[in-house]
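Data block below; observations after.
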Amino acid sequence: MDDLTLLTRTVNQLDRVIGGLDAQEMDRDTNCPPWTVRRLASHVLKNQLFWAGCVTGQELMPQAEAMAAVAYTGDLRPISAEVCAEVLRLWQTDDVLTDTHLTPFGELPGSVVVNFAVIDAAAHAWDLSTSVGRPLDFPPDWIPSMTGVVELTCTEHAVEIGLVKPPVQPSADATDTQRLMAAAGRPSE
């Protein structure tokens, strides 16, 4: 699966997950303490804006605000729909995957940067779903591509600068998705 197809699928999954959250779930704790569902959903949407801004030369969202999980107020569904549509549009910009972009890791080609947007959307969609008791598994055709994304993005350096959590040991009966999420620092239980 090519990079933009996987990004589109993971961002659309994220939008579906956020769109399925109800008002009573917004103050629940998540598997990313101390963040609530609202703060985590806000964080991932702002991260998507941050990464899309990196590859289009725009400051759509300061990284500090995205990482602080400054919460959006009100109904997150229209915010998610707007953000997800916008970031997918921006990732379709000519030469975005081949050009070099300034990132927290230095200058990288868009073909590498896209992986950070993918893991962010996929892992946080999983986090949100799991935190509200609706665990999700990635479709089987995502697994090979997601494995490559996890290997590329969930590195010691990414852990050191706080972009991802340290890996954890998956349970013996973990699904393919749970194994990938364990490599991205999420326990399967």
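Labels for the structure tokens follow display order: chains A, B, ..., residues from 1 in each chain, ligands from 1.
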Long-range neighbours of range 77-90 of chain A as a PDB file with C-alpha atoms, in the first residue's frame, 9 Å cut-off, only C-alpha atoms, 4 positions minimum in chain:
ATOM      1  CA  LEU A   4      -0.761   8.403   0.834  1.00  0.00           C
ATOM      2  CA  LEU A   7      -2.353   7.961   5.467  1.00  0.00           C
ATOM      3  CA  THR A   8      -5.817   8.456   4.004  1.00  0.00           C
ATOM      4  CA  VAL A  11      -6.807   9.582   9.062  1.00  0.00           C
ATOM      5  CA  ASN A  12     -10.287   8.493   7.952  1.00  0.00           C
ATOM      6  CA  LEU A  14      -9.291   8.541  13.204  1.00  0.00           C
ATOM      7  CA  ASP A  15     -12.155  10.741  12.014  1.00  0.00           C
ATOM      8  CA  ARG A  16     -14.613   7.818  12.379  1.00  0.00           C
ATOM      9  CA  ILE A  18     -13.659  10.744  16.992  1.00  0.00           C
ATOM     10  CA  GLY A  19     -17.023  11.011  15.247  1.00  0.00           C
ATOM     11  CA  GLY A  20     -18.252   8.029  17.276  1.00  0.00           C
ATOM     12  CA  LEU A  21     -17.381   9.541  20.649  1.00  0.00           C
ATOM     13  CA  ALA A  41      -8.562  13.635  20.551  1.00  0.00           C
ATOM     14  CA  SER A  42      -7.544  17.303  20.460  1.00  0.00           C
ATOM     15  CA  LEU A  45      -6.006  16.454  15.531  1.00  0.00           C
ATOM     16  CA  LYS A  46      -3.474  19.156  16.322  1.00  0.00           C
ATOM     17  CA  GLN A  48      -2.142  16.071  12.169  1.00  0.00           C
ATOM     18  CA  LEU A  49      -2.172  19.817  11.521  1.00  0.00           C
ATOM     19  CA  TRP A  51       2.671  17.337  10.337  1.00  0.00           C
ATOM     20  CA  ALA A  52       0.679  18.697   7.379  1.00  0.00           C
ATOM     21  CA  GLY A  53       2.119  22.130   8.127  1.00  0.00           C
ATOM     22  CA  VAL A  55       5.316  19.368   4.647  1.00  0.00           C
ATOM     23  CA  THR A  56       3.564  22.406   3.204  1.00  0.00           C
ATOM     24  CA  TYR A  72     -10.737  21.959  21.662  1.00  0.00           C
ATOM     25  CA  VAL A  96       5.109  16.952  -0.894  1.00  0.00           C
TER      26      VAL A  96
END
As JSON, numbers by chain, list the residues of range 16-185 of chain A assigned to helix (DSSP H, G or I) by DSSP on the backbone atoms of this structure.
-> {"A": [16, 17, 18, 19, 23, 24, 25, 37, 38, 39, 40, 41, 42, 43, 44, 45, 46, 47, 48, 49, 50, 51, 52, 53, 54, 55, 56, 63, 64, 65, 66, 67, 68, 76, 77, 78, 79, 80, 81, 82, 83, 84, 85, 86, 87, 88, 89, 90, 91, 110, 111, 112, 113, 114, 115, 116, 117, 118, 119, 120, 121, 122, 123, 124, 125, 126, 127, 128, 129, 130, 131, 140, 141, 142, 143, 144, 145, 146, 147, 148, 149, 150, 151, 152, 153, 156, 157, 158, 159, 160, 176, 177, 178, 179, 180, 181, 182, 183]}
Could you pull out the strand (DSSP E or B) residues of range 51-104 of chain A from DSSP and send them as a list in words?
->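 Result set for range 51-104 of chain A (strand (DSSP E or B)): Thr100, His101, Leu102 and Thr103 of chain A.
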Restricting the calculation to only C-alpha atoms, which member of A:Thr100, A:Asn115, A:Thr175, A:Asn31 is positioned closest to Pro139 in chain A?
->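 Smallest separation from Pro139 in chain A among the options: A:Thr175.
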Rank A:Leu6, A:Ala68, A:Cys32, A:Ala172 by their smallest atom-to-atom distance to His124 in chain A, using only C-alpha atoms, and report the top residue only.
->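 Looking only at the distances to His124 in chain A, the closest residue turns out to be A:Cys32.
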When distances are computed from only C-alpha atoms, which of A:Leu97, A:Met1, A:Ala69, A:Val164 shows the smallest separation from Leu152 in chain A?
->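 Smallest distance to Leu152 in chain A is found for A:Val164.
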Skip Thr155 in chain A itself and residues of its chain fewer than 4 positions away, then list as a PyMOL selection string all residues within 12 Å of it, counting only C-alpha atoms.
-> chain A and resi 105+116+148-151+159-167+183-185
Counting only C-alpha atoms, figure out which residue out of A:Ser188, A:Gln92, A:Asp3, A:Pro34 gets nearest to Ser111 in chain A.
->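 Between A:Ser188, A:Gln92, A:Asp3, A:Pro34, the residue approaching Ser111 in chain A most closely is A:Asp3.
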Compile the contact shell of Arg28 in chain A as number ranges by chain: residues with an atom at most 10 Å away, counting only C-alpha atoms, same-chain residues fewer than 2 positions apart removed.
-> A: 24-26, 30, 35-39, 131-132
Write out as number ranges by chain which residues come within 7 Å of Cys54 in chain A when counting only C-alpha atoms, dropping same-chain ones fewer than 4 positions away.
-> A: 50, 58, 101-103
Closest to Asp2 in chain A among A:Val44, A:Met146, A:Met61, A:Leu76, using only C-alpha atoms?
->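 With only C-alpha atoms as the atom set, the closest residue is A:Met146.
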Nearest to Asp94 in chain A among A:Ala123, A:Asp141, A:Val168, A:Gly110, with distances taken over only C-alpha atoms: which residue is it?
->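 Among the listed residues, the smallest separation from Asp94 in chain A belongs to A:Gly110.
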